[in-house]
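Asks: Got a structure for you, written out below as structure tokens; questions coming shortly.
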Amino acid sequence: MVRVGMPAVLAAACLLAGCSLLAGCSSFLPAAGPTASAVQEGADVATDQGLLARYEIIDVDAAVVEALRGRPLDSLLASFGDRRPSVQPVIGVGDAVTVTIWEAGSGGLFSGPAIADRFSTGSKSSSIPEQIVARDGTISVPYAGRIKVAGRRAPEVQAQIEQELAGKAIQPQVLVTVNSPLSTSVTVLGEAAAAGGGARLAAARGGPVSNLGGGRVPLTEKGDRLLDVIATAGGVAAPVNETFVRLSRGSTTATVPLTAIVSNPRENIFLRPGDTLTLVRDPQTFLAVGATGANFEIPFSAEGITLAQALAKAGGLRDLQADPAGVFIFRFEPASVVRRLHPGSPLLASTFVPVVYRINMRDPNSLFVSQAFRMRNRDLVYVSNAPFTEVQKVLSVFSTVTSPIASGASLYSATR
């Protein structure tokens, strides 16, 4: 009968423990996320009905980068067109209107009596106090009654008042002035600076803008483009690269980056009365996760950045931990984009498709590709651990478990 000493028993126990660790390491070892192989295998999940696609994996190359350049974005020009509004706007309900009437001689309905001084014949004009156009679209003019003004231009109203006063006043001449044209204004909200000269200019037009950011900006007769209205509202309070313009007209709303309007004059469209312009501050950021130098939300700090710049901002890949072949960008893409990249995708029924872009940084050509791949707001950059890193974790845990046992075995041998 062979007798087995305590050291041999302890060694066997250590070996069994190590084997258990190696066999089940993927289920309990700490990790920042899935391995590259797990990302690949997780695209499809087996179900009773067969394989269920959860996301698309697309390897990034020059063709993919070129296809993504044509990604459809919101366009103000495509959504609203660029037709210049009427040169002379019409009067609307709520507008403040002043009527001034001149007569050819003194002593009339609206002119003062003649004065004996041969150098003065008295006043020959009279201004009717400012009136707000009523809900029925009328204003009141003495001796002319209620005059319909809503939906009409100032010269038309002037001609009607002169006709109504003919035979009552002395050759009347009428001037209709719209002081506060609220019906022909644009509402500006959000990150509008509304300070200094912009606010004073808006006030001069009859529509003061609040210093809290936003207000009503009356449109001029020549027609005002979007950037004209923003300038009148005092400009933007937030950085240009973090500001988005949201234009609502009727039931249609479109949102575009302010930088797109500045760089493309075709997007600087004419605004129309009743438009609502909202300036939204939305800092562009991406998330860095996994084996990168930094794991947190990182701002673009520019109009746009590439994947190479994003990796640099995240501190690059950790030399002793990262898998260069496991660099992934997680993003929701419009179905139209995925249709160009993968026409046979089973996920095209959805409006937005979860896509995982994969790039192999071991390939020298990927350094060029990463400089051309444009990051999107809220992208998630994930770098998986290298396979050897997982082995190191197993060995570390194995060492932690076996070290006390080995110490006990040494003590046992010493006492024998």
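Each chain of the structure tokens is named A, B, ... in the order shown, its residues numbered from 1; ligands are numbered from 1 in display order.
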Could you list, as JSON, numbers by chain, every residue within 9 Å of Val229 of chain A, counting only C-alpha atoms and ignoring same-chain residues fewer than 3 positions away?
Replies: {"A": [186, 188, 217, 218, 219, 224, 225, 226, 232, 233, 234, 235, 271]}
Asks: I need the residue nearest Gly223 of chain A from this list: A:Gln171, A:Thr351, A:Thr252, A:Ser185. Use only C-alpha atoms for the distance.
Replies: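 Closest candidate: A:Ser185.
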Asks: Residues near Pro142 of chain A, anyone? I mean within 9 Å using only C-alpha atoms, not counting same-chain ones fewer than 3 positions away, as a PDB file with N, CA, C and O atoms, in the first residue's frame.
Replies:
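Generated output (out23.pdb):
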ATOM      1  N   ILE A 128     -53.634 109.453 -34.783  1.00  0.00           N
ATOM      2  CA  ILE A 128     -54.542 108.673 -33.951  1.00  0.00           C
ATOM      3  C   ILE A 128     -53.695 107.767 -33.066  1.00  0.00           C
ATOM      4  O   ILE A 128     -52.748 107.115 -33.547  1.00  0.00           O
ATOM      5  N   GLY A 145     -65.014 105.166 -39.232  1.00  0.00           N
ATOM      6  CA  GLY A 145     -65.563 103.946 -38.650  1.00  0.00           C
ATOM      7  C   GLY A 145     -64.535 102.848 -38.495  1.00  0.00           C
ATOM      8  O   GLY A 145     -63.324 103.086 -38.424  1.00  0.00           O
ATOM      9  N   ARG A 146     -65.025 101.618 -38.455  1.00  0.00           N
ATOM     10  CA  ARG A 146     -64.150 100.454 -38.310  1.00  0.00           C
ATOM     11  C   ARG A 146     -63.566 100.093 -39.669  1.00  0.00           C
ATOM     12  O   ARG A 146     -64.293  99.905 -40.648  1.00  0.00           O
TER      13      ARG A 146
END
Asks: Step one, run DSSP on the backbone; step two, keep only residues of segment 328-376 of chain A assigned to strand (DSSP E); then write them as a list in words.
Replies: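 Of segment 328-376 of chain A, only Phe328, Ile329, Phe330, Arg331, Phe332, Glu333, Pro334, Phe352, Val353, Pro354, Val355, Val356, Tyr357, Arg358 and Ile359 of chain A fall in strand (DSSP E).
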Asks: Name the residues in contact with Phe373 of chain A at a cut-off of 6 Å, using only C-alpha atoms, excluding same-chain residues fewer than 3 positions from it; report them as a list in words.
Replies: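 Listing them by chain and then by number gives Val65, Thr306, Leu307 and Ser370 of chain A.
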Asks: Would you mind listing what lies within 12 Å of Gly304 of chain A as number ranges by chain, with only C-alpha atoms counted and same-chain residues fewer than 3 positions away left out?
Replies: A: 240-242, 257, 259-260, 283-286, 299-301, 307-310, 371-377
Asks: Convert the current residue selection to file output with N, CA and C atoms, as an mmCIF file, in the first residue's frame.
Replies:
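Final output, result06.cif:
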data_model
loop_
_atom_site.group_PDB
_atom_site.id
_atom_site.type_symbol
_atom_site.label_atom_id
_atom_site.label_comp_id
_atom_site.auth_asym_id
_atom_site.auth_seq_id
_atom_site.Cartn_x
_atom_site.Cartn_y
_atom_site.Cartn_z
ATOM 1 N N VAL A 240 -20.265 77.735 -30.906
ATOM 2 C CA VAL A 240 -20.925 77.413 -32.170
ATOM 3 C C VAL A 240 -20.925 75.912 -32.417
ATOM 4 N N ASN A 241 -19.824 75.225 -32.116
ATOM 5 C CA ASN A 241 -19.746 73.788 -32.397
ATOM 6 C C ASN A 241 -20.607 72.955 -31.458
ATOM 7 N N GLU A 242 -21.171 73.567 -30.413
ATOM 8 C CA GLU A 242 -22.057 72.851 -29.500
ATOM 9 C C GLU A 242 -23.512 73.268 -29.657
ATOM 10 N N PRO A 257 -26.941 71.131 -37.079
ATOM 11 C CA PRO A 257 -25.875 71.844 -36.353
ATOM 12 C C PRO A 257 -25.703 73.256 -36.908
ATOM 13 N N THR A 259 -23.004 74.771 -37.162
ATOM 14 C CA THR A 259 -21.823 74.755 -38.026
ATOM 15 C C THR A 259 -22.184 74.375 -39.457
ATOM 16 N N ALA A 260 -23.213 73.533 -39.631
ATOM 17 C CA ALA A 260 -23.632 73.145 -40.984
ATOM 18 C C ALA A 260 -24.234 74.332 -41.721
ATOM 19 N N PRO A 283 -23.513 69.610 -26.247
ATOM 20 C CA PRO A 283 -22.093 69.299 -26.405
ATOM 21 C C PRO A 283 -21.901 67.912 -27.012
ATOM 22 N N GLN A 284 -21.064 67.827 -28.032
ATOM 23 C CA GLN A 284 -20.799 66.562 -28.696
ATOM 24 C C GLN A 284 -19.783 65.762 -27.889
ATOM 25 N N THR A 285 -20.166 64.550 -27.520
ATOM 26 C CA THR A 285 -19.291 63.711 -26.690
ATOM 27 C C THR A 285 -19.299 62.276 -27.205
ATOM 28 N N PHE A 286 -18.317 61.508 -26.748
ATOM 29 C CA PHE A 286 -18.304 60.063 -26.977
ATOM 30 C C PHE A 286 -17.866 59.386 -25.691
ATOM 31 N N PRO A 299 -15.586 65.062 -24.355
ATOM 32 C CA PRO A 299 -16.150 66.006 -25.331
ATOM 33 C C PRO A 299 -15.307 66.067 -26.604
ATOM 34 N N PHE A 300 -15.982 66.371 -27.717
ATOM 35 C CA PHE A 300 -15.262 66.523 -28.973
ATOM 36 C C PHE A 300 -14.306 67.716 -28.909
ATOM 37 N N SER A 301 -14.777 68.827 -28.309
ATOM 38 C CA SER A 301 -14.012 70.075 -28.233
ATOM 39 C C SER A 301 -13.680 70.620 -29.611
ATOM 40 N N LEU A 307 -11.920 58.931 -35.564
ATOM 41 C CA LEU A 307 -11.645 57.860 -34.609
ATOM 42 C C LEU A 307 -10.230 57.966 -34.065
ATOM 43 N N ALA A 308 -9.274 58.336 -34.907
ATOM 44 C CA ALA A 308 -7.894 58.480 -34.440
ATOM 45 C C ALA A 308 -7.800 59.544 -33.360
ATOM 46 N N GLN A 309 -8.499 60.660 -33.564
ATOM 47 C CA GLN A 309 -8.487 61.720 -32.547
ATOM 48 C C GLN A 309 -9.200 61.269 -31.283
ATOM 49 N N ALA A 310 -10.284 60.505 -31.432
ATOM 50 C CA ALA A 310 -11.012 60.012 -30.269
ATOM 51 C C ALA A 310 -10.150 59.088 -29.433
ATOM 52 N N GLN A 371 -8.196 57.725 -39.384
ATOM 53 C CA GLN A 371 -8.140 59.177 -39.560
ATOM 54 C C GLN A 371 -9.286 59.690 -40.431
ATOM 55 N N ALA A 372 -9.939 58.795 -41.154
ATOM 56 C CA ALA A 372 -11.045 59.195 -42.030
ATOM 57 C C ALA A 372 -12.410 58.844 -41.444
ATOM 58 N N PHE A 373 -12.445 57.935 -40.470
ATOM 59 C CA PHE A 373 -13.711 57.517 -39.866
ATOM 60 C C PHE A 373 -14.198 58.599 -38.915
ATOM 61 N N ARG A 374 -15.354 59.211 -39.228
ATOM 62 C CA ARG A 374 -15.874 60.314 -38.427
ATOM 63 C C ARG A 374 -16.691 59.801 -37.239
ATOM 64 N N MET A 375 -16.414 60.352 -36.072
ATOM 65 C CA MET A 375 -17.176 60.012 -34.883
ATOM 66 C C MET A 375 -18.513 60.749 -34.898
ATOM 67 N N ARG A 376 -19.512 60.153 -34.262
ATOM 68 C CA ARG A 376 -20.826 60.762 -34.113
ATOM 69 C C ARG A 376 -21.086 61.025 -32.629
ATOM 70 N N ASN A 377 -21.984 61.956 -32.401
ATOM 71 C CA ASN A 377 -22.340 62.274 -31.019
ATOM 72 C C ASN A 377 -22.894 61.035 -30.315
#
Asks: Which neighbours of segment 93-100 of chain A fall inside 9 Å, counting only C-alpha atoms, when residues of the same chain fewer than 2 positions from it are skipped, and could you give them as a PyMOL selection string?
Replies: chain A and resi 91+102+125-139+141+149-151+158+173-184
Asks: Using DSSP on the backbone coordinates, identify the residues of segment 317-384 of chain A assigned to alpha helix (DSSP H); present them as a list in words.
Replies: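 Taking segment 317-384 of chain A and keeping alpha helix (DSSP H) only, one gets Ala335, Ser336, Val337, Val338, Arg339, Arg340, Leu341, Asn365, Ser366, Leu367, Phe368, Val369, Ser370, Gln371 and Ala372 of chain A.
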Asks: Keeping N, CA, C and O atoms for every residue in the selection just given, could you write it to a file as a PDB file, in the first residue's frame?
Replies:
ATOM      1  N   ALA A 335     -31.663  53.039 -40.847  1.00  0.00           N
ATOM      2  CA  ALA A 335     -31.762  51.842 -41.677  1.00  0.00           C
ATOM      3  C   ALA A 335     -31.254  52.099 -43.091  1.00  0.00           C
ATOM      4  O   ALA A 335     -30.701  51.197 -43.735  1.00  0.00           O
ATOM      5  N   SER A 336     -31.402  53.339 -43.588  1.00  0.00           N
ATOM      6  CA  SER A 336     -30.946  53.661 -44.938  1.00  0.00           C
ATOM      7  C   SER A 336     -29.428  53.516 -45.061  1.00  0.00           C
ATOM      8  O   SER A 336     -28.914  53.131 -46.115  1.00  0.00           O
ATOM      9  N   VAL A 337     -28.702  53.830 -43.995  1.00  0.00           N
ATOM     10  CA  VAL A 337     -27.244  53.693 -44.009  1.00  0.00           C
ATOM     11  C   VAL A 337     -26.857  52.212 -43.990  1.00  0.00           C
ATOM     12  O   VAL A 337     -25.987  51.763 -44.752  1.00  0.00           O
ATOM     13  N   VAL A 338     -27.498  51.440 -43.118  1.00  0.00           N
ATOM     14  CA  VAL A 338     -27.187  50.006 -43.023  1.00  0.00           C
ATOM     15  C   VAL A 338     -27.546  49.300 -44.328  1.00  0.00           C
ATOM     16  O   VAL A 338     -26.870  48.343 -44.732  1.00  0.00           O
ATOM     17  N   ARG A 339     -28.578  49.764 -44.997  1.00  0.00           N
ATOM     18  CA  ARG A 339     -28.966  49.144 -46.273  1.00  0.00           C
ATOM     19  C   ARG A 339     -27.852  49.266 -47.310  1.00  0.00           C
ATOM     20  O   ARG A 339     -27.646  48.365 -48.127  1.00  0.00           O
ATOM     21  N   ARG A 340     -27.108  50.370 -47.286  1.00  0.00           N
ATOM     22  CA  ARG A 340     -25.994  50.530 -48.203  1.00  0.00           C
ATOM     23  C   ARG A 340     -24.807  49.652 -47.804  1.00  0.00           C
ATOM     24  O   ARG A 340     -24.091  49.146 -48.655  1.00  0.00           O
ATOM     25  N   LEU A 341     -24.612  49.495 -46.491  1.00  0.00           N
ATOM     26  CA  LEU A 341     -23.459  48.728 -46.007  1.00  0.00           C
ATOM     27  C   LEU A 341     -23.710  47.232 -46.020  1.00  0.00           C
ATOM     28  O   LEU A 341     -22.810  46.440 -46.296  1.00  0.00           O
ATOM     29  N   ASN A 365      -2.803  49.712 -42.367  1.00  0.00           N
ATOM     30  CA  ASN A 365      -3.746  50.518 -43.142  1.00  0.00           C
ATOM     31  C   ASN A 365      -4.848  51.095 -42.264  1.00  0.00           C
ATOM     32  O   ASN A 365      -5.470  52.104 -42.608  1.00  0.00           O
ATOM     33  N   SER A 366      -5.100  50.451 -41.115  1.00  0.00           N
ATOM     34  CA  SER A 366      -6.145  50.941 -40.218  1.00  0.00           C
ATOM     35  C   SER A 366      -5.805  52.318 -39.655  1.00  0.00           C
ATOM     36  O   SER A 366      -6.701  53.064 -39.244  1.00  0.00           O
ATOM     37  N   LEU A 367      -4.534  52.672 -39.633  1.00  0.00           N
ATOM     38  CA  LEU A 367      -4.147  54.000 -39.152  1.00  0.00           C
ATOM     39  C   LEU A 367      -4.654  55.084 -40.101  1.00  0.00           C
ATOM     40  O   LEU A 367      -5.030  56.176 -39.666  1.00  0.00           O
ATOM     41  N   PHE A 368      -4.682  54.785 -41.404  1.00  0.00           N
ATOM     42  CA  PHE A 368      -5.265  55.729 -42.360  1.00  0.00           C
ATOM     43  C   PHE A 368      -6.788  55.744 -42.232  1.00  0.00           C
ATOM     44  O   PHE A 368      -7.420  56.799 -42.258  1.00  0.00           O
ATOM     45  N   VAL A 369      -7.368  54.548 -42.105  1.00  0.00           N
ATOM     46  CA  VAL A 369      -8.826  54.446 -42.015  1.00  0.00           C
ATOM     47  C   VAL A 369      -9.340  55.168 -40.777  1.00  0.00           C
ATOM     48  O   VAL A 369     -10.364  55.858 -40.813  1.00  0.00           O
ATOM     49  N   SER A 370      -8.628  55.027 -39.658  1.00  0.00           N
ATOM     50  CA  SER A 370      -9.083  55.659 -38.414  1.00  0.00           C
ATOM     51  C   SER A 370      -9.033  57.180 -38.500  1.00  0.00           C
ATOM     52  O   SER A 370      -9.766  57.869 -37.787  1.00  0.00           O
ATOM     53  N   GLN A 371      -8.196  57.725 -39.384  1.00  0.00           N
ATOM     54  CA  GLN A 371      -8.140  59.177 -39.560  1.00  0.00           C
ATOM     55  C   GLN A 371      -9.286  59.690 -40.431  1.00  0.00           C
ATOM     56  O   GLN A 371      -9.564  60.888 -40.437  1.00  0.00           O
ATOM     57  N   ALA A 372      -9.939  58.795 -41.154  1.00  0.00           N
ATOM     58  CA  ALA A 372     -11.045  59.195 -42.030  1.00  0.00           C
ATOM     59  C   ALA A 372     -12.410  58.844 -41.444  1.00  0.00           C
ATOM     60  O   ALA A 372     -13.420  59.397 -41.865  1.00  0.00           O
TER      61      ALA A 372
END
Asks: List as a tab-separated table every residue of segment 270-343 of chain A that is in contact with segment 35-57 of chain A, defined as an atom at most 12 Å from one of its atoms (using only C-alpha atoms), together with the nearest atom pair and the distance in Å rounded to one decimal, sorted by chain and then rising number.
Replies:
residue	atom	partner	partner_atom	distance
A:Gly290	CA	A:Thr35	CA	9.9
A:Ala291	CA	A:Thr35	CA	10.7
A:Gln321	CA	A:Thr35	CA	11.7
A:Ala322	CA	A:Thr35	CA	10.2
A:Asp323	CA	A:Ala36	CA	7.9
A:Pro324	CA	A:Ala36	CA	9.9
A:Ala325	CA	A:Ala36	CA	7.7
A:Gly326	CA	A:Ala36	CA	5.1
A:Val327	CA	A:Ala36	CA	8.2
A:Phe328	CA	A:Ala36	CA	8.7
A:Ile329	CA	A:Ile57	CA	9.8
A:Phe330	CA	A:Ile57	CA	9.4
A:Arg331	CA	A:Tyr55	CA	9.9
A:Phe332	CA	A:Tyr55	CA	9.5
A:Glu333	CA	A:Glu56	CA	10.2
A:Ala335	CA	A:Glu56	CA	11.4
A:Val338	CA	A:Glu56	CA	8.7
A:Arg339	CA	A:Glu56	CA	11.3
A:Leu341	CA	A:Glu56	CA	10.0
A:His342	CA	A:Glu56	CA	8.5
A:Pro343	CA	A:Glu56	CA	11.4
Asks: Selected residues, N, CA and C atoms, written as an mmCIF file, in the first residue's frame, please.
Replies:
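Result went into out.cif, see below:
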data_model
loop_
_atom_site.group_PDB
_atom_site.id
_atom_site.type_symbol
_atom_site.label_atom_id
_atom_site.label_comp_id
_atom_site.auth_asym_id
_atom_site.auth_seq_id
_atom_site.Cartn_x
_atom_site.Cartn_y
_atom_site.Cartn_z
ATOM 1 N N GLY A 290 -13.315 50.278 -21.699
ATOM 2 C CA GLY A 290 -12.445 49.125 -21.934
ATOM 3 C C GLY A 290 -10.979 49.439 -21.723
ATOM 4 N N ALA A 291 -10.140 48.824 -22.541
ATOM 5 C CA ALA A 291 -8.690 48.917 -22.359
ATOM 6 C C ALA A 291 -8.119 50.163 -23.025
ATOM 7 N N GLN A 321 -2.572 45.626 -22.033
ATOM 8 C CA GLN A 321 -3.920 45.108 -21.766
ATOM 9 C C GLN A 321 -4.784 45.016 -23.018
ATOM 10 N N ALA A 322 -4.671 45.981 -23.932
ATOM 11 C CA ALA A 322 -5.612 46.088 -25.045
ATOM 12 C C ALA A 322 -5.352 45.058 -26.135
ATOM 13 N N ASP A 323 -6.435 44.691 -26.814
ATOM 14 C CA ASP A 323 -6.355 43.843 -27.998
ATOM 15 C C ASP A 323 -6.469 44.758 -29.220
ATOM 16 N N PRO A 324 -5.407 45.001 -29.956
ATOM 17 C CA PRO A 324 -5.469 45.922 -31.100
ATOM 18 C C PRO A 324 -6.481 45.492 -32.154
ATOM 19 N N ALA A 325 -6.786 44.209 -32.208
ATOM 20 C CA ALA A 325 -7.766 43.722 -33.178
ATOM 21 C C ALA A 325 -9.189 43.832 -32.642
ATOM 22 N N GLY A 326 -9.336 44.343 -31.441
ATOM 23 C CA GLY A 326 -10.666 44.430 -30.820
ATOM 24 C C GLY A 326 -11.070 45.847 -30.499
ATOM 25 N N VAL A 327 -10.970 46.746 -31.480
ATOM 26 C CA VAL A 327 -11.428 48.131 -31.316
ATOM 27 C C VAL A 327 -12.806 48.240 -31.973
ATOM 28 N N PHE A 328 -13.810 48.619 -31.184
ATOM 29 C CA PHE A 328 -15.184 48.632 -31.666
ATOM 30 C C PHE A 328 -15.816 50.006 -31.439
ATOM 31 N N ILE A 329 -16.699 50.385 -32.339
ATOM 32 C CA ILE A 329 -17.514 51.598 -32.177
ATOM 33 C C ILE A 329 -18.977 51.161 -32.201
ATOM 34 N N PHE A 330 -19.685 51.361 -31.093
ATOM 35 C CA PHE A 330 -21.099 50.992 -30.981
ATOM 36 C C PHE A 330 -21.939 52.223 -31.332
ATOM 37 N N ARG A 331 -22.886 52.039 -32.257
ATOM 38 C CA ARG A 331 -23.664 53.183 -32.733
ATOM 39 C C ARG A 331 -25.009 52.707 -33.285
ATOM 40 N N PHE A 332 -26.043 53.543 -33.140
ATOM 41 C CA PHE A 332 -27.323 53.312 -33.801
ATOM 42 C C PHE A 332 -27.306 54.073 -35.127
ATOM 43 N N GLU A 333 -27.491 53.343 -36.218
ATOM 44 C CA GLU A 333 -27.475 53.945 -37.546
ATOM 45 C C GLU A 333 -28.870 53.904 -38.172
ATOM 46 N N ALA A 335 -31.663 53.039 -40.847
ATOM 47 C CA ALA A 335 -31.762 51.842 -41.677
ATOM 48 C C ALA A 335 -31.254 52.099 -43.091
ATOM 49 N N VAL A 338 -27.498 51.440 -43.118
ATOM 50 C CA VAL A 338 -27.187 50.006 -43.023
ATOM 51 C C VAL A 338 -27.546 49.300 -44.328
ATOM 52 N N ARG A 339 -28.578 49.764 -44.997
ATOM 53 C CA ARG A 339 -28.966 49.144 -46.273
ATOM 54 C C ARG A 339 -27.852 49.266 -47.310
ATOM 55 N N LEU A 341 -24.612 49.495 -46.491
ATOM 56 C CA LEU A 341 -23.459 48.728 -46.007
ATOM 57 C C LEU A 341 -23.710 47.232 -46.020
ATOM 58 N N HIS A 342 -24.937 46.845 -45.680
ATOM 59 C CA HIS A 342 -25.286 45.417 -45.593
ATOM 60 C C HIS A 342 -26.725 45.248 -46.071
ATOM 61 N N PRO A 343 -26.938 45.151 -47.381
ATOM 62 C CA PRO A 343 -28.305 45.113 -47.933
ATOM 63 C C PRO A 343 -29.148 43.955 -47.406
#
Asks: Identify, on the basis of only C-alpha atoms, every residue whose closest approach to segment 73-90 of chain A does not exceed 7 Å; exclude the query and any residue fewer than 2 positions from it along the same chain; express the result as a PyMOL selection string.
Replies: chain A and resi 71+92+151-153+221-223+254-256+266-267+269-270+272
Asks: One number please: atom CA of Pro273 of chain A to atom CA of Glu162 of chain A, in Å, one decimal.
Replies: 28.9 Å
Asks: If you measure from atom CA of Arg378 of chain A to atom CA of Asp59 of chain A, what distance in Å do you get, rounded to one decimal?
Replies: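 Atom-to-atom, atom CA of Arg378 of chain A and atom CA of Asp59 of chain A are spaced 19.9 Å apart.
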